[in-house]
Structure formats: structure tokens, C-alpha cells
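Peer 1: Contents of entry34.cif (mmCIF, C-alpha atoms) are below:
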```
data_my_file
#
loop_
_atom_site.group_PDB
_atom_site.id
_atom_site.type_symbol
_atom_site.label_atom_id
_atom_site.label_comp_id
_atom_site.auth_asym_id
_atom_site.auth_seq_id
_atom_site.Cartn_x
_atom_site.Cartn_y
_atom_site.Cartn_z
ATOM 1 C CA ALA E 23 10.355 -4.577 -28.027
ATOM 2 C CA LYS E 24 12.904 -2.041 -29.267
ATOM 3 C CA ASN E 25 15.301 -2.735 -26.390
ATOM 4 C CA ASN E 26 14.912 -6.492 -26.053
ATOM 5 C CA PHE E 27 14.369 -7.623 -29.632
ATOM 6 C CA ASN E 28 16.024 -4.869 -31.694
ATOM 7 C CA SER E 29 12.686 -3.997 -33.260
ATOM 8 C CA ASN E 30 12.863 -1.195 -35.816
ATOM 9 C CA CYS E 31 9.389 0.108 -34.953
ATOM 10 C CA LYS E 32 8.935 3.860 -34.661
ATOM 11 C CA HIS E 33 7.809 5.114 -31.258
ATOM 12 C CA SER E 34 6.758 8.728 -30.717
ATOM 13 C CA SER E 35 5.243 10.691 -27.816
ATOM 14 C CA TYR E 36 2.586 13.397 -28.085
ATOM 15 C CA PHE E 37 2.416 15.934 -25.255
ATOM 16 C CA GLY E 38 -1.182 17.015 -25.787
ATOM 17 C CA THR E 39 -1.294 20.005 -23.406
ATOM 18 C CA PRO E 40 0.834 23.144 -23.007
ATOM 19 C CA PHE E 41 4.153 22.089 -21.469
ATOM 20 C CA SER E 42 6.024 23.710 -18.591
ATOM 21 C CA ARG E 43 9.183 22.622 -16.790
ATOM 22 C CA LEU E 44 7.211 23.178 -13.581
ATOM 23 C CA ASN E 45 4.764 20.406 -14.463
ATOM 24 C CA LYS E 46 4.508 17.541 -11.979
ATOM 25 C CA ARG E 47 7.564 15.300 -12.208
ATOM 26 C CA GLN E 48 5.544 12.333 -13.448
ATOM 27 C CA TYR E 49 4.676 14.359 -16.552
ATOM 28 C CA LEU E 50 8.341 14.954 -17.399
ATOM 29 C CA PRO E 51 10.478 12.418 -19.283
ATOM 30 C CA GLY E 52 13.113 10.848 -17.040
ATOM 31 C CA LYS E 53 16.405 9.647 -18.450
ATOM 32 C CA ALA E 54 15.977 6.096 -17.154
ATOM 33 C CA GLU E 55 12.448 5.978 -18.568
ATOM 34 C CA TYR E 56 13.704 7.154 -21.941
ATOM 35 C CA LEU E 57 16.538 4.612 -22.036
ATOM 36 C CA ASN E 58 14.062 1.842 -21.216
ATOM 37 C CA GLY E 59 11.761 2.795 -24.065
ATOM 38 C CA PHE E 60 8.874 4.411 -22.193
ATOM 39 C CA TRP E 61 9.196 7.619 -24.207
ATOM 40 C CA GLY E 62 9.490 7.902 -27.967
ATOM 41 C CA ASP E 63 12.424 8.968 -30.106
ATOM 42 C CA LYS E 64 10.403 12.004 -31.153
ATOM 43 C CA PHE E 65 8.243 14.357 -29.063
ATOM 44 C CA TYR E 66 5.314 16.131 -30.665
ATOM 45 C CA MET E 67 4.357 19.341 -28.841
ATOM 46 C CA GLN E 68 1.158 21.433 -28.944
ATOM 47 C CA ASP E 69 2.818 24.769 -29.744
ATOM 48 C CA LYS E 70 6.121 26.595 -30.181
ATOM 49 C CA ASP E 71 6.180 27.757 -26.553
ATOM 50 C CA SER E 72 5.872 24.144 -25.369
ATOM 51 C CA TYR E 73 8.556 23.163 -27.873
ATOM 52 C CA ASP E 74 10.981 25.760 -26.469
ATOM 53 C CA GLU E 75 10.193 24.798 -22.867
ATOM 54 C CA MET E 76 10.729 21.082 -23.523
ATOM 55 C CA ASN E 77 13.929 21.849 -25.418
ATOM 56 C CA LEU E 78 15.349 23.639 -22.363
ATOM 57 C CA TYR E 79 14.354 20.721 -20.140
ATOM 58 C CA LEU E 80 15.947 18.110 -22.415
ATOM 59 C CA ASP E 81 19.163 20.129 -22.685
ATOM 60 C CA LYS E 82 19.405 20.326 -18.902
ATOM 61 C CA LYS E 83 18.840 16.555 -18.596
ATOM 62 C CA LYS E 84 21.242 15.894 -21.504
ATOM 63 C CA MET E 85 18.631 13.864 -23.352
ATOM 64 C CA ARG E 86 18.632 13.808 -27.140
ATOM 65 C CA ILE E 87 15.057 13.592 -28.352
ATOM 66 C CA THR E 88 13.791 15.137 -31.584
ATOM 67 C CA LEU E 89 11.056 17.726 -31.057
ATOM 68 C CA GLU E 90 8.366 18.831 -33.467
ATOM 69 C CA VAL E 91 5.288 21.074 -33.246
ATOM 70 C CA VAL E 92 2.129 19.336 -34.484
ATOM 71 C CA SER E 93 0.040 20.705 -37.321
ATOM 72 C CA LYS E 94 -3.089 22.705 -36.475
ATOM 73 C CA SER E 95 -5.273 19.711 -37.360
ATOM 74 C CA MET E 96 -3.890 17.912 -34.283
ATOM 75 C CA VAL E 97 -4.404 20.809 -31.843
ATOM 76 C CA ARG E 98 -7.647 20.197 -29.927
ATOM 77 C CA ILE E 99 -7.958 23.645 -28.324
ATOM 78 C CA LEU E 100 -8.377 25.793 -31.433
ATOM 79 C CA SER E 101 -11.517 27.896 -31.660
ATOM 80 C CA ASN E 102 -13.653 28.412 -34.739
ATOM 81 C CA LYS E 103 -15.163 31.536 -33.200
ATOM 82 C CA ASN E 104 -13.869 35.021 -33.816
ATOM 83 C CA LEU E 105 -13.197 36.178 -30.265
ATOM 84 C CA ASN E 106 -10.979 39.090 -31.265
ATOM 85 C CA THR E 107 -13.602 41.244 -32.941
ATOM 86 C CA PRO E 108 -13.953 44.832 -31.604
ATOM 87 C CA ASN E 109 -17.577 44.222 -30.502
ATOM 88 C CA PHE E 110 -16.796 41.033 -28.573
ATOM 89 C CA THR E 111 -17.995 41.279 -24.962
ATOM 90 C CA LEU E 112 -17.168 39.179 -21.917
ATOM 91 C CA GLN E 113 -19.976 36.849 -20.921
ATOM 92 C CA ARG E 114 -18.758 35.599 -17.529
ATOM 93 C CA GLY E 115 -17.251 36.910 -14.341
ATOM 94 C CA LEU E 116 -15.157 34.186 -12.700
ATOM 95 C CA THR E 117 -14.188 30.879 -14.273
ATOM 96 C CA ILE E 118 -12.143 28.181 -12.563
ATOM 97 C CA PHE E 119 -10.091 25.842 -14.734
ATOM 98 C CA THR E 120 -9.286 22.789 -12.633
ATOM 99 C CA HIS E 121 -6.462 20.324 -12.857
ATOM 100 C CA ASP E 122 -7.008 16.639 -12.082
ATOM 101 C CA SER E 123 -8.107 16.798 -8.431
ATOM 102 C CA TYR E 124 -11.154 18.049 -6.541
ATOM 103 C CA TRP E 125 -8.857 19.821 -4.093
ATOM 104 C CA ASP E 126 -7.549 21.922 -6.974
ATOM 105 C CA LEU E 127 -11.123 23.124 -7.524
ATOM 106 C CA ILE E 128 -11.841 23.706 -3.830
ATOM 107 C CA ALA E 129 -8.596 25.629 -3.282
ATOM 108 C CA CYS E 130 -9.304 27.950 -6.214
ATOM 109 C CA ILE E 131 -12.759 28.767 -4.838
ATOM 110 C CA LEU E 132 -11.440 29.306 -1.315
ATOM 111 C CA SER E 133 -8.904 31.815 -2.642
ATOM 112 C CA ILE E 134 -11.765 34.066 -3.732
ATOM 113 C CA PHE E 135 -12.983 34.404 -0.143
ATOM 114 C CA ASN E 136 -9.543 34.558 1.484
ATOM 115 C CA LYS E 137 -9.224 38.206 2.523
ATOM 116 C CA ARG E 138 -5.455 37.878 2.756
ATOM 117 C CA ASN E 139 -5.262 37.853 -1.033
ATOM 118 C CA LYS E 140 -4.523 41.360 -2.242
ATOM 119 C CA ASN E 141 -6.096 43.140 -5.205
ATOM 120 C CA PHE E 142 -9.235 41.004 -5.009
ATOM 121 C CA ASN E 143 -11.721 43.835 -4.472
ATOM 122 C CA SER E 144 -12.825 43.969 -8.104
ATOM 123 C CA ILE E 145 -13.053 40.164 -8.234
ATOM 124 C CA ARG E 146 -15.294 39.994 -5.178
ATOM 125 C CA LYS E 147 -17.341 42.906 -6.517
ATOM 126 C CA SER E 148 -17.920 40.980 -9.723
ATOM 127 C CA LEU E 149 -19.065 37.976 -7.715
ATOM 128 C CA GLU E 150 -21.437 40.036 -5.558
ATOM 129 C CA ASN E 151 -23.436 41.034 -8.626
ATOM 130 C CA SER E 152 -24.139 37.461 -9.744
ATOM 131 C CA ASN E 153 -23.137 35.050 -6.927
ATOM 132 C CA LEU E 154 -22.165 32.752 -9.798
ATOM 133 C CA ILE E 155 -18.883 30.907 -10.379
ATOM 134 C CA TYR E 156 -18.259 29.081 -13.652
ATOM 135 C CA ILE E 157 -16.238 25.869 -13.516
ATOM 136 C CA ARG E 158 -14.455 24.024 -16.298
ATOM 137 C CA LEU E 159 -13.680 20.621 -14.793
ATOM 138 C CA HIS E 160 -10.759 18.448 -15.785
ATOM 139 C CA PRO E 161 -12.116 15.547 -17.913
ATOM 140 C CA SER E 162 -11.221 13.027 -15.185
ATOM 141 C CA LEU E 163 -13.506 14.739 -12.628
ATOM 142 C CA LYS E 164 -17.270 14.336 -12.239
ATOM 143 C CA THR E 165 -19.753 17.189 -11.819
ATOM 144 C CA ASP E 166 -21.932 15.496 -9.181
ATOM 145 C CA LYS E 167 -18.944 14.493 -7.096
ATOM 146 C CA ALA E 168 -17.514 18.015 -7.321
ATOM 147 C CA LEU E 169 -20.797 19.486 -6.075
ATOM 148 C CA ASP E 170 -20.941 17.031 -3.174
ATOM 149 C CA LYS E 171 -17.475 18.095 -2.067
ATOM 150 C CA LEU E 172 -18.234 21.809 -2.415
ATOM 151 C CA LYS E 173 -21.379 21.509 -0.272
ATOM 152 C CA ILE E 174 -19.387 20.510 2.825
ATOM 153 C CA ILE E 175 -16.918 23.430 2.629
ATOM 154 C CA LYS E 176 -18.204 25.874 5.248
ATOM 155 C CA GLU E 177 -15.987 28.724 4.018
ATOM 156 C CA ILE E 178 -17.982 28.932 0.777
ATOM 157 C CA PRO E 179 -21.053 31.197 1.276
ATOM 158 C CA SER E 180 -24.365 29.388 0.904
ATOM 159 C CA ASN E 181 -25.649 31.851 -1.727
ATOM 160 C CA ILE E 182 -22.867 31.012 -4.193
ATOM 161 C CA LYS E 183 -24.035 29.147 -7.294
ATOM 162 C CA PHE E 184 -21.935 27.015 -9.634
ATOM 163 C CA LYS E 185 -22.317 26.455 -13.364
ATOM 164 C CA PHE E 186 -20.262 23.779 -15.121
ATOM 165 C CA ILE E 187 -19.112 24.426 -18.672
ATOM 166 C CA ASN E 188 -19.978 21.805 -21.268
ATOM 167 C CA TYR E 189 -16.893 20.762 -23.265
ATOM 168 C CA GLN E 190 -19.084 20.080 -26.292
ATOM 169 C CA ASP E 191 -20.216 23.693 -26.468
ATOM 170 C CA GLU E 192 -16.819 25.398 -26.477
ATOM 171 C CA THR E 193 -13.080 24.823 -26.385
ATOM 172 C CA ILE E 194 -10.946 25.761 -23.403
ATOM 173 C CA LEU E 195 -9.724 28.698 -25.488
ATOM 174 C CA ASP E 196 -13.311 29.969 -25.794
ATOM 175 C CA SER E 197 -13.858 29.564 -22.042
ATOM 176 C CA MET E 198 -10.823 31.715 -21.303
ATOM 177 C CA LYS E 199 -11.836 34.493 -23.660
ATOM 178 C CA TYR E 200 -15.399 34.576 -22.329
ATOM 179 C CA SER E 201 -14.241 35.143 -18.725
ATOM 180 C CA SER E 202 -13.333 38.350 -16.916
ATOM 181 C CA TYR E 203 -11.097 36.397 -14.488
ATOM 182 C CA CYS E 204 -9.519 32.971 -15.026
ATOM 183 C CA PHE E 205 -8.479 30.923 -11.969
ATOM 184 C CA PHE E 206 -5.907 28.123 -12.261
ATOM 185 C CA GLY E 207 -4.260 25.710 -9.841
ATOM 186 C CA LEU E 208 -1.820 23.173 -11.260
ATOM 187 C CA SER E 209 -3.126 23.313 -14.813
ATOM 188 C CA SER E 210 -0.504 24.129 -17.438
ATOM 189 C CA TYR E 211 -3.217 25.870 -19.475
ATOM 190 C CA VAL E 212 -2.478 28.891 -17.282
ATOM 191 C CA ASN E 213 0.248 29.720 -19.805
ATOM 192 C CA LEU E 214 -2.233 29.883 -22.658
ATOM 193 C CA ALA E 215 -4.462 32.262 -20.690
ATOM 194 C CA LEU E 216 -1.491 34.491 -19.894
ATOM 195 C CA LYS E 217 -0.492 34.596 -23.561
ATOM 196 C CA LEU E 218 -4.067 35.554 -24.473
ATOM 197 C CA LYS E 219 -3.786 38.510 -22.039
ATOM 198 C CA CYS E 220 -6.645 37.227 -19.892
ATOM 199 C CA LYS E 221 -6.758 38.319 -16.256
ATOM 200 C CA VAL E 222 -5.225 35.283 -14.559
ATOM 201 C CA ILE E 223 -5.216 34.257 -10.904
ATOM 202 C CA ALA E 224 -2.796 31.408 -10.166
ATOM 203 C CA VAL E 225 -3.718 29.737 -6.871
ATOM 204 C CA ARG E 226 -1.091 27.927 -4.786
ATOM 205 C CA THR E 227 -3.112 24.738 -4.423
ATOM 206 C CA ASN E 228 -0.218 22.418 -3.611
ATOM 207 C CA HIS E 229 2.677 22.471 -1.129
ATOM 208 C CA LEU E 230 4.865 20.233 -3.294
ATOM 209 C CA TYR E 231 4.434 21.810 -6.708
ATOM 210 C CA LYS E 232 4.402 25.382 -7.931
ATOM 211 C CA ASN E 233 1.957 26.629 -10.529
ATOM 212 C CA PRO E 234 3.370 25.411 -13.868
ATOM 213 C CA ILE E 235 3.948 28.895 -15.276
ATOM 214 C CA LYS E 236 6.668 29.239 -17.891
ATOM 215 C CA SER E 237 9.642 31.306 -16.769
ATOM 216 C CA ASP E 238 9.073 34.015 -19.393
ATOM 217 C CA LEU E 239 5.470 34.536 -18.206
ATOM 218 C CA GLN E 240 6.017 34.625 -14.450
ATOM 219 C CA ASN E 241 6.245 38.428 -14.396
ATOM 220 C CA SER E 242 3.211 39.020 -16.604
ATOM 221 C CA THR E 243 1.210 42.113 -15.672
ATOM 222 C CA ASN E 244 -2.053 40.146 -16.069
ATOM 223 C CA LEU E 245 -0.963 37.540 -13.473
ATOM 224 C CA ASN E 246 -1.972 37.568 -9.809
ATOM 225 C CA ILE E 247 -0.854 34.910 -7.287
ATOM 226 C CA ALA E 248 -3.336 33.846 -4.595
ATOM 227 C CA MET E 249 -3.534 31.480 -1.618
ATOM 228 C CA PRO E 250 -6.524 29.349 -0.545
ATOM 229 C CA TRP E 251 -5.932 30.024 3.192
#
```
So, in terms of C-alpha cells, how does the structure I just supplied come out?
Peer 2:
Amino acid sequence: AKNNFNSNCKHSSYFGTPFSRLNKRQYLPGKAEYLNGFWGDKFYMQDKDSYDEMNLYLDKKKMRITLEVVSKSMVRILSNKNLNTPNFTLQRGLTIFTHDSYWDLIACILSIFNKRNKNFNSIRKSLENSNLIYIRLHPSLKTDKALDKLKIIKEIPSNIKFKFINYQDETILDSMKYSSYCFFGLSSYVNLALKLKCKVIAVRTNHLYKNPIKSDLQNSTNLNIAMPW
């Protein structure tokens, strides 16, 4: 409408997750898409880090789009719980935070049992005590379908149990803080976990795309890179 009929309507875009320049290309605004009206004249970002990352991307692409960080009332990952108190204790061993594919989940689990991954002794020790892996599924994935796919993976020991986190009970921020180790594939929430100083394992789940870790966090001391095979 804006391009064809000179409409003066206001069109904005809200990037509702942490943003990284290493996100999949379809998540990034293309110049042709912008010129044809698919993206708004203003981008609302979740946080200042996402704002800075998008700003660098737009400068490189020579695209002039106004950026703004949303107010806290629009951020859906805030926690009402005080997880920074001195007596706060971790409640979980391993938690996998999936992106939007079942392979992302499978690859993260396989990385735990891949002996080629270094510095995993403490992680496997933690798992031996409980045989339990917590999973926070992407909203587009289904629990029953995920379980069906996991059952046919022979590399996963038969004594391993899975517990899926209910979104209604806690935010993704809570899930990170409750966990001793946080596993991520292509999810951009890996950056939030790194900023929170959680112990993060980024699994190379895709041959085409790298883990969407912001450039200033790629050398974090709490980050470990792993492979599924």
C-alpha cells in the first residue's frame, strides 16, 4: 500500500528475540525486501545488545532504518523471580534449548555422548547421577513428536530420561538460571545465557549456519563449542 498507493500508514517491525548477525539469512532484513515494503521504517529490538548488533548489520548493508529498544513491558523473557540471591541453588543438570527443528534437539543430545568433545567429563558426570536431560522446546515443536524421534536414535543410551519444561511455569530466563549447563544449537538465546554467565555449550547443529553468537561474546570463558558427531 505504501509503495503502490502512497499510503501514509506507519509500518514497524518488532524483532522479538535476541538478534545476532549470524542469524539465518531469512531472519535478516534484505535491501530489496525493505525497498518493497516488507520491513518497517522502524525496528523495535528486545535489548541494547540486539540494537547494537542490528545497527552494525544495517550500516554494512547501507540501509537506513530507525532502531529503538522496546520498553520492559514488551519484553516477554523477564523473570519475576529473584534468581540472584546468595542462597539460590541450581535445580537442574543439563538443559537443552532448541531452535525450530527436531534435528537441532537431536544434535544437542548427541553432542553429550560424543567422546570427541573435550572438557565434557563434568557434564557426563552430572548426567550419570540423574540420567535426566531437561528440554525447553521451541514453541513450533511438539513434545510427543520430539519423543518419537528421540526413541529411534541408537546413540542415545536407553536409560536416559527426558523432561520437558512447561512455558507457563517459567520464562526462558528462569530455565537458564536453573541449569548447571545450557545447550544451544541455532537459537539466538545463546547470547542471553552467555551474558548471564551460565555455562554454555554451543553445538554445531548445521553445516550451513554457525551458532548465532554475537562477535563480542565468541571468546567468553563460559562458552564451550561441541559437535554432534
Peer 1: I would like the residues chosen by the PyMOL selection byres ((chain E and resi 87-89) around 10) on the shown file; could you give them as a VMD selection string?
Peer 2: chain E and resid 34 to 36 56 61 to 67 73 to 74 76 to 77 80 to 81 84 to 86 90 to 92
Peer 1: Hey, what comes out of the PyMOL selection byres ((chain E and resi 97) around 12) on this file? Could you write it as a list in words?
Peer 2: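 That expression, the PyMOL selection byres ((chain E and resi 97) around 12), corresponds here to Tyr36, Phe37, Gly38, Thr39, Pro40, Tyr66, Met67, Gln68, Asp69, Val91, Val92, Ser93, Lys94, Ser95, Met96, Arg98, Ile99, Leu100, Ser101, Thr193, Ile194 and Leu195 of chain E.
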Peer 1: With C-alpha atoms retained, could you export that selection as a CSV table (one decimal), in the frame of the given file?
Peer 2:
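Here's the written file part.csv:
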```csv
chain,number,residue,atom,x,y,z
E,36,TYR,CA,2.6,13.4,-28.1
E,37,PHE,CA,2.4,15.9,-25.3
E,38,GLY,CA,-1.2,17.0,-25.8
E,39,THR,CA,-1.3,20.0,-23.4
E,40,PRO,CA,0.8,23.1,-23.0
E,66,TYR,CA,5.3,16.1,-30.7
E,67,MET,CA,4.4,19.3,-28.8
E,68,GLN,CA,1.2,21.4,-28.9
E,69,ASP,CA,2.8,24.8,-29.7
E,91,VAL,CA,5.3,21.1,-33.2
E,92,VAL,CA,2.1,19.3,-34.5
E,93,SER,CA,0.0,20.7,-37.3
E,94,LYS,CA,-3.1,22.7,-36.5
E,95,SER,CA,-5.3,19.7,-37.4
E,96,MET,CA,-3.9,17.9,-34.3
E,98,ARG,CA,-7.6,20.2,-29.9
E,99,ILE,CA,-8.0,23.6,-28.3
E,100,LEU,CA,-8.4,25.8,-31.4
E,101,SER,CA,-11.5,27.9,-31.7
E,193,THR,CA,-13.1,24.8,-26.4
E,194,ILE,CA,-10.9,25.8,-23.4
E,195,LEU,CA,-9.7,28.7,-25.5
```
Peer 1: Give me the residues within 9 Å of stretch 227-244 of chain E as a PyMOL selection string, counting only C-alpha atoms and dropping any in the same chain fewer than 2 places off.
Peer 2: chain E and resi 41-46+71+75+125-130+206-213+216-217+219-225+246+249-250
Peer 1: List the spatial neighbours of E:Phe135 as a PDB file with C-alpha atoms, keeping the file's coordinate frame - criterion: any atom at most 8 Å away, all atoms listed in the file, same-chain residues fewer than 5 positions off excluded.
Peer 2:
```pdb
ATOM      1  CA  ARG E 146     -15.294  39.994  -5.178  1.00  0.00           C
ATOM      2  CA  GLU E 177     -15.987  28.724   4.018  1.00  0.00           C
ATOM      3  CA  ILE E 178     -17.982  28.932   0.777  1.00  0.00           C
TER       4      ILE E 178
END
```
Peer 1: For E:His121, which residue out of E:Tyr189, E:Phe205, E:Trp251, E:Tyr79 is the nearest one, using all atoms listed in the file?
Peer 2: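 For E:His121, the nearest of the given residues is E:Phe205.
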Peer 1: So, with all atoms listed in the file as the atoms that count, which of E:Ser72, E:Gly59, E:Asn181, E:Leu78 lies closest to E:Lys32?
Peer 2: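 Of E:Ser72, E:Gly59, E:Asn181, E:Leu78, the one nearest E:Lys32, counting all atoms listed in the file, is E:Gly59.
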Peer 1: Need the shell around E:Lys140: protein/DNA/RNA residues with any atom at most 8 Å away, counting all atoms listed in the file. Skip same-chain ones fewer than 3 positions apart. Format as a ChimeraX atom specification?
Peer 2: /E:137,143,248
Peer 1: Can you write out the residues you just picked, keeping C-alpha atoms, as a compact mmCIF listing (two decimals), in the coordinates of the input?
Peer 2:
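Saved file selection-v7.txt follows:
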```txt
# COMPACT_ATOMS: atom_id res chain seq x y z
CA LYS E 137 -9.22 38.21 2.52
CA ASN E 143 -11.72 43.84 -4.47
CA ALA E 248 -3.34 33.85 -4.60
```
Peer 1: Find the residues near E:Leu169: any atom within 10 Å, counting all atoms listed in the file, skip ones fewer than 4 places away on the same chain, and give them as a list in words.
Peer 2: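 Near neighbours after the sequence-gap exclusion: Tyr124, Lys164, Thr165, Lys173, Ile174 and Phe184 of chain E.
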Peer 1: What does the structure give for the distance between atom CA of E:Leu172 and atom CA of E:Asn136, in Å to one decimal?
Peer 2: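 Straight-line distance from atom CA of E:Leu172 to atom CA of E:Asn136 works out to 15.9 Å.
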Peer 1: Please, what distance in Å, to one decimal, runs between atom CA of E:Pro161 and atom CA of E:Leu218?
Peer 2: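 Atom CA of E:Pro161 sits 22.5 Å away from atom CA of E:Leu218.
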Peer 1: I need the residue nearest E:Ser202 from this list: E:Ile145, E:Leu154, E:Leu159, E:Ile175. Use all atoms listed in the file for the distance.
Peer 2: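 Of all the options, E:Ile145 lies closest to E:Ser202.
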Peer 1: Interatomic distance between atom CA of E:Leu163 and atom CA of E:Asp122?
Peer 2: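 Straight-line distance from atom CA of E:Leu163 to atom CA of E:Asp122 works out to 6.8 Å.
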Peer 1: Select, from E:Arg47, E:Lys147, E:Lys171, E:Arg138, the residue with the minimum atom-to-atom distance to E:Ser123, counting all atoms listed in the file.
Peer 2: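 Comparing E:Arg47, E:Lys147, E:Lys171, E:Arg138 against E:Ser123, the winner is E:Lys171.
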Peer 1: To box stretch 177-190 of chain E, take all atoms listed in the file, fit an axis-aligned box, add 6 Å on each side, and give centre and edge lengths in Å to one decimal, as AutoDock Vina command-line options.
Peer 2:
```
--center_x -20.8 --center_y 26.0 --center_z -11.1 --size_x 21.7 --size_y 23.8 --size_z 42.3
```
Peer 1: Using only C-alpha atoms, which residue out of E:Arg158, E:Phe142, E:Ala168, E:His33 lies closest to E:Gln190?
Peer 2: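 For E:Gln190, the nearest of the given residues is E:Arg158.
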Peer 1: Which residue gives the smallest distance to E:Pro179 among E:Ile157, E:Ile118, E:Leu149, E:Leu50, with all atoms listed in the file counted?
Peer 2: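 Of all the options, E:Leu149 lies closest to E:Pro179.
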Peer 1: Determine the residue membership of the PyMOL selection byres ((chain E and resi 183) around 9) for the file above and supply it as a list of chain:residue names.
Peer 2: E:Ser152, E:Asn153, E:Leu154, E:Ile155, E:Tyr156, E:Ser180, E:Asn181, E:Ile182, E:Phe184, E:Lys185
Peer 1: Could you dump the residues just selected with C-alpha atoms as a JSON list (two decimals), in the coordinates of the input?
Peer 2:
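Writing done, so here's again16.json:
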```
[["chain", "number", "residue", "atom", "x", "y", "z"],
["E", 152, "SER", "CA", -24.14, 37.46, -9.74],
["E", 153, "ASN", "CA", -23.14, 35.05, -6.93],
["E", 154, "LEU", "CA", -22.16, 32.75, -9.80],
["E", 155, "ILE", "CA", -18.88, 30.91, -10.38],
["E", 156, "TYR", "CA", -18.26, 29.08, -13.65],
["E", 180, "SER", "CA", -24.36, 29.39, 0.90],
["E", 181, "ASN", "CA", -25.65, 31.85, -1.73],
["E", 182, "ILE", "CA", -22.87, 31.01, -4.19],
["E", 184, "PHE", "CA", -21.94, 27.02, -9.63],
["E", 185, "LYS", "CA", -22.32, 26.46, -13.36]]
```
